[in-house]
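Source file work_14.pdb; content: PDB, C-alpha atoms and all ligand atoms.
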ATOM      1  CA  MET A 280     408.057-215.453  25.720  1.00  0.00           C
ATOM      2  CA  ASP A 281     409.815-212.606  27.515  1.00  0.00           C
ATOM      3  CA  LYS A 282     407.101-210.462  29.149  1.00  0.00           C
ATOM      4  CA  ASP A 283     408.411-207.240  27.549  1.00  0.00           C
ATOM      5  CA  GLN A 284     408.575-208.772  24.082  1.00  0.00           C
ATOM      6  CA  LYS A 285     405.791-207.752  21.724  1.00  0.00           C
ATOM      7  CA  LYS A 286     403.696-210.674  20.584  1.00  0.00           C
ATOM      8  CA  VAL A 287     403.362-210.953  16.796  1.00  0.00           C
ATOM      9  CA  ILE A 288     400.086-211.498  14.979  1.00  0.00           C
ATOM     10  CA  ILE A 289     400.244-212.918  11.450  1.00  0.00           C
ATOM     11  CA  ALA A 290     397.263-213.039   9.068  1.00  0.00           C
ATOM     12  CA  ILE A 291     397.110-215.426   6.109  1.00  0.00           C
ATOM     13  CA  ASP A 292     394.175-215.188   3.703  1.00  0.00           C
ATOM     14  CA  GLY A 293     393.223-216.583   0.327  1.00  0.00           C
ATOM     15  CA  PRO A 294     390.933-218.992  -1.515  1.00  0.00           C
ATOM     16  CA  SER A 295     390.878-222.729  -0.872  1.00  0.00           C
ATOM     17  CA  GLY A 296     393.691-224.755  -2.377  1.00  0.00           C
ATOM     18  CA  ALA A 297     396.087-221.789  -2.574  1.00  0.00           C
ATOM     19  CA  GLY A 298     398.319-223.344   0.089  1.00  0.00           C
ATOM     20  CA  LYS A 299     397.269-221.311   3.151  1.00  0.00           C
ATOM     21  CA  GLY A 300     397.181-224.267   5.528  1.00  0.00           C
ATOM     22  CA  THR A 301     400.587-225.617   4.508  1.00  0.00           C
ATOM     23  CA  VAL A 302     402.227-222.209   4.610  1.00  0.00           C
ATOM     24  CA  ALA A 303     400.568-221.300   7.927  1.00  0.00           C
ATOM     25  CA  HIS A 304     401.814-224.528   9.556  1.00  0.00           C
ATOM     26  CA  TYR A 305     405.302-223.982   8.164  1.00  0.00           C
ATOM     27  CA  LEU A 306     405.409-220.440   9.586  1.00  0.00           C
ATOM     28  CA  ALA A 307     403.942-221.602  12.908  1.00  0.00           C
ATOM     29  CA  ASN A 308     406.759-224.166  13.270  1.00  0.00           C
ATOM     30  CA  LYS A 309     409.503-221.913  12.013  1.00  0.00           C
ATOM     31  CA  PHE A 310     408.623-218.892  14.146  1.00  0.00           C
ATOM     32  CA  ASN A 311     407.053-220.708  17.107  1.00  0.00           C
ATOM     33  CA  LEU A 312     403.533-219.325  16.654  1.00  0.00           C
ATOM     34  CA  LYS A 313     400.211-220.578  18.013  1.00  0.00           C
ATOM     35  CA  ILE A 314     398.006-221.413  15.019  1.00  0.00           C
ATOM     36  CA  LEU A 315     394.284-221.219  14.214  1.00  0.00           C
ATOM     37  CA  ASP A 316     392.778-222.393  10.922  1.00  0.00           C
ATOM     38  CA  THR A 317     389.661-220.214  11.087  1.00  0.00           C
ATOM     39  CA  GLY A 318     387.879-222.061   8.258  1.00  0.00           C
ATOM     40  CA  LEU A 319     387.571-224.995  10.651  1.00  0.00           C
ATOM     41  CA  LEU A 320     385.310-222.931  12.910  1.00  0.00           C
ATOM     42  CA  TYR A 321     382.857-222.548  10.012  1.00  0.00           C
ATOM     43  CA  ARG A 322     383.312-226.231   9.210  1.00  0.00           C
ATOM     44  CA  VAL A 323     382.424-227.234  12.798  1.00  0.00           C
ATOM     45  CA  VAL A 324     379.088-225.409  12.459  1.00  0.00           C
ATOM     46  CA  ALA A 325     378.605-226.931   8.983  1.00  0.00           C
ATOM     47  CA  LYS A 326     379.302-230.470  10.171  1.00  0.00           C
ATOM     48  CA  MET A 327     376.822-230.161  13.029  1.00  0.00           C
ATOM     49  CA  ALA A 328     374.227-228.604  10.710  1.00  0.00           C
ATOM     50  CA  LEU A 329     374.611-231.534   8.293  1.00  0.00           C
ATOM     51  CA  GLN A 330     374.376-234.047  11.151  1.00  0.00           C
ATOM     52  CA  GLN A 331     371.170-232.379  12.333  1.00  0.00           C
ATOM     53  CA  LYS A 332     369.913-232.134   8.724  1.00  0.00           C
ATOM     54  CA  LEU A 333     369.562-228.366   8.956  1.00  0.00           C
ATOM     55  CA  GLY A 334     369.455-226.117   5.904  1.00  0.00           C
ATOM     56  CA  SER A 335     371.511-222.926   5.693  1.00  0.00           C
ATOM     57  CA  ASP A 336     368.198-221.020   6.106  1.00  0.00           C
ATOM     58  CA  GLN A 337     367.494-222.382   9.616  1.00  0.00           C
ATOM     59  CA  LEU A 338     369.019-219.371  11.235  1.00  0.00           C
ATOM     60  CA  GLU A 339     367.983-219.779  14.865  1.00  0.00           C
ATOM     61  CA  LYS A 340     369.253-223.337  15.127  1.00  0.00           C
ATOM     62  CA  LEU A 341     372.481-222.459  13.321  1.00  0.00           C
ATOM     63  CA  ILE A 342     373.087-219.546  15.673  1.00  0.00           C
ATOM     64  CA  GLU A 343     372.476-221.806  18.676  1.00  0.00           C
ATOM     65  CA  ILE A 344     375.111-224.248  17.362  1.00  0.00           C
ATOM     66  CA  THR A 345     377.555-221.425  16.603  1.00  0.00           C
ATOM     67  CA  ARG A 346     377.298-219.949  20.115  1.00  0.00           C
ATOM     68  CA  ASN A 347     378.810-223.149  21.520  1.00  0.00           C
ATOM     69  CA  VAL A 348     381.767-223.332  19.119  1.00  0.00           C
ATOM     70  CA  THR A 349     385.220-222.886  20.649  1.00  0.00           C
ATOM     71  CA  VAL A 350     388.752-223.065  19.224  1.00  0.00           C
ATOM     72  CA  GLU A 351     389.105-226.502  20.856  1.00  0.00           C
ATOM     73  CA  ASP A 352     386.445-227.870  18.476  1.00  0.00           C
ATOM     74  CA  VAL A 353     388.702-227.544  15.427  1.00  0.00           C
ATOM     75  CA  THR A 354     390.557-230.752  16.292  1.00  0.00           C
ATOM     76  CA  GLN A 355     387.499-232.942  15.772  1.00  0.00           C
ATOM     77  CA  GLU A 356     387.288-235.429  12.898  1.00  0.00           C
ATOM     78  CA  GLY A 357     385.150-235.178   9.771  1.00  0.00           C
ATOM     79  CA  LEU A 358     385.736-231.504   8.989  1.00  0.00           C
ATOM     80  CA  ARG A 359     387.801-231.818   5.810  1.00  0.00           C
ATOM     81  CA  SER A 360     385.321-233.133   3.224  1.00  0.00           C
ATOM     82  CA  GLU A 361     384.112-231.024   0.265  1.00  0.00           C
ATOM     83  CA  LYS A 362     380.531-231.584   1.482  1.00  0.00           C
ATOM     84  CA  VAL A 363     381.300-229.926   4.816  1.00  0.00           C
ATOM     85  CA  ALA A 364     383.285-227.215   2.980  1.00  0.00           C
ATOM     86  CA  ALA A 365     380.339-226.402   0.700  1.00  0.00           C
ATOM     87  CA  MET A 366     377.989-226.089   3.693  1.00  0.00           C
ATOM     88  CA  ALA A 367     380.577-223.994   5.561  1.00  0.00           C
ATOM     89  CA  SER A 368     380.717-221.578   2.640  1.00  0.00           C
ATOM     90  CA  LYS A 369     376.892-221.247   2.663  1.00  0.00           C
ATOM     91  CA  ILE A 370     376.850-220.675   6.410  1.00  0.00           C
ATOM     92  CA  ALA A 371     379.668-218.138   6.136  1.00  0.00           C
ATOM     93  CA  ILE A 372     377.338-215.789   4.245  1.00  0.00           C
ATOM     94  CA  ILE A 373     375.205-215.253   7.362  1.00  0.00           C
ATOM     95  CA  PRO A 374     376.259-212.043   9.178  1.00  0.00           C
ATOM     96  CA  ALA A 375     374.982-213.212  12.623  1.00  0.00           C
ATOM     97  CA  ILE A 376     377.113-216.358  12.395  1.00  0.00           C
ATOM     98  CA  ARG A 377     380.149-214.339  11.299  1.00  0.00           C
ATOM     99  CA  THR A 378     379.714-211.953  14.232  1.00  0.00           C
ATOM    100  CA  ILE A 379     379.857-214.840  16.712  1.00  0.00           C
ATOM    101  CA  LEU A 380     382.820-216.561  15.022  1.00  0.00           C
ATOM    102  CA  ASN A 381     384.653-213.237  14.570  1.00  0.00           C
ATOM    103  CA  GLN A 382     384.737-212.881  18.351  1.00  0.00           C
ATOM    104  CA  VAL A 383     386.131-216.417  18.769  1.00  0.00           C
ATOM    105  CA  GLN A 384     388.906-215.534  16.293  1.00  0.00           C
ATOM    106  CA  ARG A 385     389.701-212.157  17.897  1.00  0.00           C
ATOM    107  CA  ASP A 386     389.816-213.738  21.352  1.00  0.00           C
ATOM    108  CA  PHE A 387     392.322-216.249  19.980  1.00  0.00           C
ATOM    109  CA  ALA A 388     394.374-213.465  18.325  1.00  0.00           C
ATOM    110  CA  VAL A 389     394.772-211.570  21.593  1.00  0.00           C
ATOM    111  CA  SER A 390     395.047-214.618  23.858  1.00  0.00           C
ATOM    112  CA  ASP A 391     398.165-215.237  25.887  1.00  0.00           C
ATOM    113  CA  PRO A 392     400.596-216.993  23.517  1.00  0.00           C
ATOM    114  CA  GLY A 393     402.345-218.719  26.427  1.00  0.00           C
ATOM    115  CA  ASP A 394     405.778-219.859  25.266  1.00  0.00           C
ATOM    116  CA  HIS A 395     404.995-218.897  21.654  1.00  0.00           C
ATOM    117  CA  LEU A 396     406.235-215.691  19.997  1.00  0.00           C
ATOM    118  CA  GLY A 397     402.710-214.918  18.867  1.00  0.00           C
ATOM    119  CA  VAL A 398     399.822-216.233  16.801  1.00  0.00           C
ATOM    120  CA  ILE A 399     399.010-216.979  13.199  1.00  0.00           C
ATOM    121  CA  LEU A 400     395.460-217.150  11.847  1.00  0.00           C
ATOM    122  CA  ASP A 401     394.534-218.365   8.388  1.00  0.00           C
ATOM    123  CA  GLY A 402     391.220-217.681   6.713  1.00  0.00           C
ATOM    124  CA  ARG A 403     389.433-215.397   4.289  1.00  0.00           C
ATOM    125  CA  ASP A 404     389.089-212.102   6.152  1.00  0.00           C
ATOM    126  CA  ILE A 405     391.807-212.113   8.809  1.00  0.00           C
ATOM    127  CA  GLY A 406     393.785-209.172   7.397  1.00  0.00           C
ATOM    128  CA  THR A 407     390.703-207.218   6.320  1.00  0.00           C
ATOM    129  CA  VAL A 408     388.180-207.752   9.139  1.00  0.00           C
ATOM    130  CA  ILE A 409     389.324-209.936  12.024  1.00  0.00           C
ATOM    131  CA  TYR A 410     392.651-208.283  12.695  1.00  0.00           C
ATOM    132  CA  PRO A 411     393.467-205.422  10.291  1.00  0.00           C
ATOM    133  CA  ASP A 412     396.342-204.392  12.594  1.00  0.00           C
ATOM    134  CA  ALA A 413     398.156-207.711  12.134  1.00  0.00           C
ATOM    135  CA  ASP A 414     401.945-207.299  12.024  1.00  0.00           C
ATOM    136  CA  CYS A 415     402.234-209.169   8.746  1.00  0.00           C
ATOM    137  CA  LYS A 416     399.480-209.972   6.254  1.00  0.00           C
ATOM    138  CA  ILE A 417     399.959-212.512   3.505  1.00  0.00           C
ATOM    139  CA  TYR A 418     397.464-213.242   0.743  1.00  0.00           C
ATOM    140  CA  LEU A 419     398.007-216.533  -1.073  1.00  0.00           C
ATOM    141  CA  THR A 420     396.367-217.204  -4.393  1.00  0.00           C
ATOM    142  CA  ALA A 421     396.668-219.576  -7.372  1.00  0.00           C
ATOM    143  CA  ASP A 422     394.834-220.354 -10.623  1.00  0.00           C
ATOM    144  CA  GLN A 423     391.589-222.198 -10.007  1.00  0.00           C
ATOM    145  CA  GLU A 424     392.648-225.161 -12.168  1.00  0.00           C
ATOM    146  CA  ILE A 425     395.743-225.733 -10.053  1.00  0.00           C
ATOM    147  CA  ARG A 426     393.828-225.311  -6.804  1.00  0.00           C
ATOM    148  CA  ALA A 427     391.263-227.897  -7.933  1.00  0.00           C
ATOM    149  CA  LEU A 428     394.052-230.330  -8.820  1.00  0.00           C
ATOM    150  CA  ARG A 429     395.607-229.901  -5.388  1.00  0.00           C
ATOM    151  CA  ARG A 430     392.258-230.527  -3.678  1.00  0.00           C
ATOM    152  CA  MET A 431     391.661-233.594  -5.838  1.00  0.00           C
ATOM    153  CA  LYS A 432     394.873-235.138  -4.563  1.00  0.00           C
ATOM    154  CA  GLN A 433     393.526-234.697  -1.006  1.00  0.00           C
ATOM    155  CA  GLU A 434     390.039-236.063  -1.819  1.00  0.00           C
ATOM    156  CA  SER A 435     390.617-239.311  -3.665  1.00  0.00           C
ATOM    157  CA  ASN A 436     386.921-240.290  -3.918  1.00  0.00           C
ATOM    158  CA  VAL A 437     385.717-237.191  -5.799  1.00  0.00           C
ATOM    159  CA  CYS A 438     386.439-236.572  -9.503  1.00  0.00           C
ATOM    160  CA  GLN A 439     388.309-233.501 -10.708  1.00  0.00           C
ATOM    161  CA  LEU A 440     385.316-232.015 -12.551  1.00  0.00           C
ATOM    162  CA  GLU A 441     383.182-232.266  -9.416  1.00  0.00           C
ATOM    163  CA  ILE A 442     385.878-230.659  -7.270  1.00  0.00           C
ATOM    164  CA  HIS A 443     386.357-227.971  -9.900  1.00  0.00           C
ATOM    165  CA  GLN A 444     382.639-227.145  -9.930  1.00  0.00           C
ATOM    166  CA  MET A 445     382.316-227.164  -6.136  1.00  0.00           C
ATOM    167  CA  MET A 446     385.386-224.971  -5.807  1.00  0.00           C
ATOM    168  CA  ALA A 447     384.143-222.501  -8.437  1.00  0.00           C
ATOM    169  CA  GLU A 448     380.812-222.201  -6.586  1.00  0.00           C
ATOM    170  CA  ARG A 449     382.575-221.776  -3.273  1.00  0.00           C
ATOM    171  CA  ASP A 450     384.999-219.167  -4.645  1.00  0.00           C
ATOM    172  CA  LYS A 451     382.090-217.225  -6.101  1.00  0.00           C
ATOM    173  CA  ARG A 452     380.124-217.327  -2.838  1.00  0.00           C
ATOM    174  CA  ASP A 453     383.151-216.452  -0.678  1.00  0.00           C
ATOM    175  CA  SER A 454     384.161-213.553  -2.950  1.00  0.00           C
ATOM    176  CA  SER A 455     380.752-212.062  -3.667  1.00  0.00           C
ATOM    177  CA  ARG A 456     379.075-212.201  -0.244  1.00  0.00           C
ATOM    178  CA  THR A 457     378.097-208.850   1.205  1.00  0.00           C
ATOM    179  CA  THR A 458     379.744-209.352   4.590  1.00  0.00           C
ATOM    180  CA  ALA A 459     383.530-209.745   4.680  1.00  0.00           C
ATOM    181  CA  PRO A 460     384.079-211.086   1.147  1.00  0.00           C
ATOM    182  CA  LEU A 461     387.365-212.781   0.285  1.00  0.00           C
ATOM    183  CA  ASN A 462     389.769-209.956  -0.504  1.00  0.00           C
ATOM    184  CA  ALA A 463     393.418-209.147  -0.106  1.00  0.00           C
ATOM    185  CA  ALA A 464     394.110-206.360   2.409  1.00  0.00           C
ATOM    186  CA  LYS A 465     395.709-203.334   0.740  1.00  0.00           C
ATOM    187  CA  ASP A 466     398.915-203.869   2.685  1.00  0.00           C
ATOM    188  CA  ALA A 467     399.076-207.667   2.270  1.00  0.00           C
ATOM    189  CA  TYR A 468     402.015-209.401   0.602  1.00  0.00           C
ATOM    190  CA  ILE A 469     400.517-211.281  -2.336  1.00  0.00           C
ATOM    191  CA  ILE A 470     401.998-214.682  -3.176  1.00  0.00           C
ATOM    192  CA  ASP A 471     400.730-216.413  -6.309  1.00  0.00           C
ATOM    193  CA  THR A 472     401.526-220.096  -5.750  1.00  0.00           C
ATOM    194  CA  THR A 473     400.404-221.302  -9.210  1.00  0.00           C
ATOM    195  CA  HIS A 474     403.952-221.985 -10.369  1.00  0.00           C
ATOM    196  CA  LEU A 475     405.614-222.363  -6.975  1.00  0.00           C
ATOM    197  CA  THR A 476     406.519-225.551  -5.142  1.00  0.00           C
ATOM    198  CA  ILE A 477     405.304-225.858  -1.544  1.00  0.00           C
ATOM    199  CA  ASP A 478     408.837-225.214  -0.397  1.00  0.00           C
ATOM    200  CA  GLU A 479     409.155-222.034  -2.490  1.00  0.00           C
ATOM    201  CA  ALA A 480     405.802-220.690  -1.257  1.00  0.00           C
ATOM    202  CA  CYS A 481     406.743-221.373   2.378  1.00  0.00           C
ATOM    203  CA  LYS A 482     410.153-219.732   2.043  1.00  0.00           C
ATOM    204  CA  LYS A 483     408.699-216.651   0.358  1.00  0.00           C
ATOM    205  CA  ALA A 484     406.120-216.261   3.140  1.00  0.00           C
ATOM    206  CA  ALA A 485     408.823-216.766   5.792  1.00  0.00           C
ATOM    207  CA  TYR A 486     410.908-214.039   4.155  1.00  0.00           C
ATOM    208  CA  TYR A 487     408.000-211.574   4.407  1.00  0.00           C
ATOM    209  CA  VAL A 488     407.328-212.474   8.046  1.00  0.00           C
ATOM    210  CA  GLN A 489     410.972-212.274   8.981  1.00  0.00           C
ATOM    211  CA  ASN A 490     411.470-208.911   7.303  1.00  0.00           C
ATOM    212  CA  SER A 491     408.236-207.217   8.213  1.00  0.00           C
ATOM    213  CA  CYS A 492     407.757-208.043  11.850  1.00  0.00           C
ATOM    214  CA  LEU A 493     410.484-210.120  13.424  1.00  0.00           C
ATOM    215  CA  PRO A 494     413.521-208.200  14.611  1.00  0.00           C
ATOM    216  CA  SER A 495     416.691-210.196  14.050  1.00  0.00           C
ATOM    217  CA  ALA A 496     416.935-210.921  17.781  1.00  0.00           C
ATOM    218  CA  MET A 497     413.767-212.971  17.487  1.00  0.00           C
ATOM    219  CA  THR A 498     414.940-215.043  14.520  1.00  0.00           C
ATOM    220  CA  VAL A 499     414.328-218.715  15.190  1.00  0.00           C
TER     221      VAL A 499
HETATM  222  O1  LIG B   1     389.403-222.361   4.586  1.00  0.00           O
HETATM  223  P1  LIG B   1     388.265-223.371   4.504  1.00  0.00           P
HETATM  224  O2  LIG B   1     388.107-223.989   3.154  1.00  0.00           O
HETATM  225  O3  LIG B   1     388.362-224.405   5.578  1.00  0.00           O
HETATM  226  O4  LIG B   1     386.927-222.515   4.809  1.00  0.00           O
HETATM  227  C1  LIG B   1     385.638-223.060   4.745  1.00  0.00           C
HETATM  228  C2  LIG B   1     384.649-221.953   4.470  1.00  0.00           C
HETATM  229  O5  LIG B   1     384.574-221.094   5.602  1.00  0.00           O
HETATM  230  C3  LIG B   1     384.996-221.058   3.294  1.00  0.00           C
HETATM  231  O6  LIG B   1     384.350-221.466   2.113  1.00  0.00           O
HETATM  232  C4  LIG B   1     384.544-219.693   3.699  1.00  0.00           C
HETATM  233  C5  LIG B   1     384.445-219.740   5.192  1.00  0.00           C
HETATM  234  N1  LIG B   1     385.441-218.928   5.881  1.00  0.00           N
HETATM  235  C6  LIG B   1     385.171-217.587   6.046  1.00  0.00           C
HETATM  236  O7  LIG B   1     384.164-217.108   5.536  1.00  0.00           O
HETATM  237  N2  LIG B   1     386.007-216.812   6.779  1.00  0.00           N
HETATM  238  C7  LIG B   1     387.124-217.321   7.316  1.00  0.00           C
HETATM  239  N3  LIG B   1     387.934-216.538   8.043  1.00  0.00           N
HETATM  240  C8  LIG B   1     387.448-218.690   7.123  1.00  0.00           C
HETATM  241  C9  LIG B   1     386.585-219.462   6.375  1.00  0.00           C
END

Would you write out, as structure tokens, the structure that this file holds?
Ligand code: DC
Amino acid sequence: MDKDQKKVIIAIDGPSGAGKGTVAHYLANKFNLKILDTGLLYRVVAKMALQQKLGSDQLEKLIEITRNVTVEDVTQEGLRSEKVAAMASKIAIIPAIRTILNQVQRDFAVSDPGDHLGVILDGRDIGTVIYPDADCKIYLTADQEIRALRRMKQESNVCQLEIHQMMAERDKRDSSRTTAPLNAAKDAYIIDTTHLTIDEACKKAAYYVQNSCLPSAMTV
């Protein structure tokens, strides 16, 4: 990146199964952005808590685990299961854990992008809490039924009803928690992916990024 060029920061939020991950990776490739899936940070803590047989009420031990989490940890295996996701959602309610992980996310957002044009973070509260000054905020959503179907295709050993129930619980917890609940920022572009193909959702998001924060000179 040219040293005088402003680095771009893109925020993507929304519930699980709305297509955030796919869209974020598409945008990262298209616009040469460094990417962080922030849900994985919560999943790292959740996975370790499950391994150590901790409950979501064992605050001190959970905080100790969280203090050692770095962005490098998100590449580890075993983070994608619904079991880890459910625990991550319970852990994400705890303000002290959020405070620690918020700092990890903000440090990533302002880190040197190297050869990249900027960064893209996907999560639940990027545009509202982590980086409200992001250059472009996108909120992806979709009907719960469709989101459950999409998750089911990824998790072949769990039945649709089970996924549906787990997702409904998770949505409720993520949206109703007191600290940083799942919400679209007022100035976010909302994309409802219920009736969109992956390709259509990606192209729509790319259009918003291109037009809101990338001058034509930076078009990739
Ligand atoms: O995006 P995901 O399914 O990997 O996220 C797992 C959980 O982590 C999710 O249920 C809520 C929590 N989370 C959060 O509270 N804030 C974020 N920025 C990202 C995830």

Give me the residues of chain A that have any atom at most 7 Å from an atom of ligand LIG 1 (chain B); for each, the nearest atom pair and the distance in Å, rounded to one decimal. Use only C-alpha atoms and all ligand atoms, sort by chain and number, and format it as JSON lines.
{"residue": "A:Ser295", "atom": "CA", "partner": "B:LIG1", "partner_atom": "O2", "distance": 5.0}
{"residue": "A:Thr317", "atom": "CA", "partner": "B:LIG1", "partner_atom": "C8", "distance": 4.8}
{"residue": "A:Gly318", "atom": "CA", "partner": "B:LIG1", "partner_atom": "C9", "distance": 3.5}
{"residue": "A:Leu319", "atom": "CA", "partner": "B:LIG1", "partner_atom": "O3", "distance": 5.2}
{"residue": "A:Tyr321", "atom": "CA", "partner": "B:LIG1", "partner_atom": "O5", "distance": 5.0}
{"residue": "A:Arg322", "atom": "CA", "partner": "B:LIG1", "partner_atom": "C1", "distance": 5.9}
{"residue": "A:Ala364", "atom": "CA", "partner": "B:LIG1", "partner_atom": "C1", "distance": 5.1}
{"residue": "A:Ala365", "atom": "CA", "partner": "B:LIG1", "partner_atom": "O6", "distance": 6.5}
{"residue": "A:Ala367", "atom": "CA", "partner": "B:LIG1", "partner_atom": "C2", "distance": 4.7}
{"residue": "A:Ser368", "atom": "CA", "partner": "B:LIG1", "partner_atom": "O6", "distance": 3.7}
{"residue": "A:Ala371", "atom": "CA", "partner": "B:LIG1", "partner_atom": "O7", "distance": 4.7}
{"residue": "A:Asp401", "atom": "CA", "partner": "B:LIG1", "partner_atom": "N3", "distance": 6.9}
{"residue": "A:Gly402", "atom": "CA", "partner": "B:LIG1", "partner_atom": "N3", "distance": 3.7}
{"residue": "A:Arg403", "atom": "CA", "partner": "B:LIG1", "partner_atom": "N3", "distance": 4.2}
{"residue": "A:Asp404", "atom": "CA", "partner": "B:LIG1", "partner_atom": "N3", "distance": 5.0}
{"residue": "A:Ile405", "atom": "CA", "partner": "B:LIG1", "partner_atom": "N3", "distance": 5.9}
{"residue": "A:Arg449", "atom": "CA", "partner": "B:LIG1", "partner_atom": "O6", "distance": 5.7}
{"residue": "A:Asp453", "atom": "CA", "partner": "B:LIG1", "partner_atom": "C4", "distance": 5.6}

Could you tell me how far atom CA of A:Gln439 sits from atom CA of A:Ile425, in Å to one decimal place?
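Separation of atom CA of A:Ile425 and atom CA of A:Gln439: 10.8 Å.
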
Expand the PyMOL selection byres (((chain A and resi 288) around 8) and not hetatm) into the individual residues it matches in the shown file, reporting them as a PyMOL selection string.
chain A and resi 286-287+289-290+388+397-400+413-415

Between atom CA of A:Met366 and atom CA of A:Lys416, what distance in Å does the model show, to one decimal?
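According to the coordinates, atom CA of A:Met366 and atom CA of A:Lys416 are separated by 27.0 Å.
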
May I ask which of the residues A:Leu419, A:Leu380, A:Leu320, A:Ala447 is the closest one to A:Ala303, counting all atoms listed in the file?
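Closest candidate: A:Leu419.
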
Kindly give the distance, in Å, that separates atom CA of A:Lys340 and atom CA of A:Glu356, rounded to a single decimal.
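Atom CA of A:Lys340 sits 21.8 Å away from atom CA of A:Glu356.
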
Residues selected by the PyMOL selection byres (((chain A and resi 379) around 12) and not hetatm), written as a PyMOL selection string
chain A and resi 320-321+324+341-349+371+373-378+380-386+409

Please provide as a PyMOL selection string all residues within 8 Å of A:Val323, with the sequence filter that same-chain residues fewer than 5 positions apart are discarded (counting all atoms listed in the file).
chain A and resi 348+352-353+358

Mind rebuilding stretch 318-323 of chain A with all heavy atoms and writing that out as a JSON list (two decimals), keeping the file's coordinate frame?
[["chain", "number", "residue", "atom", "x", "y", "z"],
["A", 318, "GLY", "N", 388.89, -221.39, 9.08],
["A", 318, "GLY", "CA", 387.88, -222.06, 8.26],
["A", 318, "GLY", "C", 387.27, -223.25, 9.00],
["A", 318, "GLY", "O", 386.11, -223.60, 8.81],
["A", 319, "LEU", "N", 388.07, -223.83, 9.90],
["A", 319, "LEU", "CA", 387.57, -225.00, 10.65],
["A", 319, "LEU", "C", 386.43, -224.61, 11.58],
["A", 319, "LEU", "O", 385.56, -225.43, 11.87],
["A", 319, "LEU", "CB", 388.72, -225.66, 11.44],
["A", 319, "LEU", "CG", 389.77, -226.38, 10.59],
["A", 319, "LEU", "CD1", 390.91, -226.87, 11.48],
["A", 319, "LEU", "CD2", 389.15, -227.55, 9.83],
["A", 320, "LEU", "N", 386.42, -223.36, 12.04],
["A", 320, "LEU", "CA", 385.31, -222.93, 12.91],
["A", 320, "LEU", "C", 384.00, -222.99, 12.13],
["A", 320, "LEU", "O", 382.97, -223.45, 12.62],
["A", 320, "LEU", "CB", 385.55, -221.51, 13.43],
["A", 320, "LEU", "CG", 386.78, -221.31, 14.34],
["A", 320, "LEU", "CD1", 387.03, -219.82, 14.57],
["A", 320, "LEU", "CD2", 386.58, -222.02, 15.67],
["A", 321, "TYR", "N", 384.05, -222.49, 10.87],
["A", 321, "TYR", "CA", 382.86, -222.55, 10.01],
["A", 321, "TYR", "C", 382.51, -224.00, 9.68],
["A", 321, "TYR", "O", 381.34, -224.37, 9.59],
["A", 321, "TYR", "CB", 383.08, -221.74, 8.72],
["A", 321, "TYR", "CG", 383.12, -220.25, 8.98],
["A", 321, "TYR", "CD1", 384.32, -219.61, 9.28],
["A", 321, "TYR", "CD2", 381.96, -219.50, 8.98],
["A", 321, "TYR", "CE1", 384.35, -218.25, 9.56],
["A", 321, "TYR", "CE2", 381.98, -218.14, 9.25],
["A", 321, "TYR", "CZ", 383.19, -217.53, 9.55],
["A", 321, "TYR", "OH", 383.21, -216.18, 9.84],
["A", 322, "ARG", "N", 383.55, -224.82, 9.53],
["A", 322, "ARG", "CA", 383.31, -226.23, 9.21],
["A", 322, "ARG", "C", 382.67, -226.97, 10.39],
["A", 322, "ARG", "O", 381.91, -227.90, 10.20],
["A", 322, "ARG", "CB", 384.63, -226.90, 8.79],
["A", 322, "ARG", "CG", 385.08, -226.49, 7.39],
["A", 322, "ARG", "CD", 386.45, -227.06, 7.09],
["A", 322, "ARG", "NE", 386.95, -226.62, 5.80],
["A", 322, "ARG", "CZ", 387.10, -227.39, 4.72],
["A", 322, "ARG", "NH1", 386.79, -228.67, 4.78],
["A", 322, "ARG", "NH2", 387.56, -226.90, 3.59],
["A", 323, "VAL", "N", 383.03, -226.60, 11.62],
["A", 323, "VAL", "CA", 382.42, -227.23, 12.80],
["A", 323, "VAL", "C", 380.91, -226.99, 12.78],
["A", 323, "VAL", "O", 380.10, -227.91, 12.95],
["A", 323, "VAL", "CB", 383.04, -226.67, 14.11],
["A", 323, "VAL", "CG1", 382.25, -227.13, 15.32],
["A", 323, "VAL", "CG2", 384.49, -227.10, 14.25]]
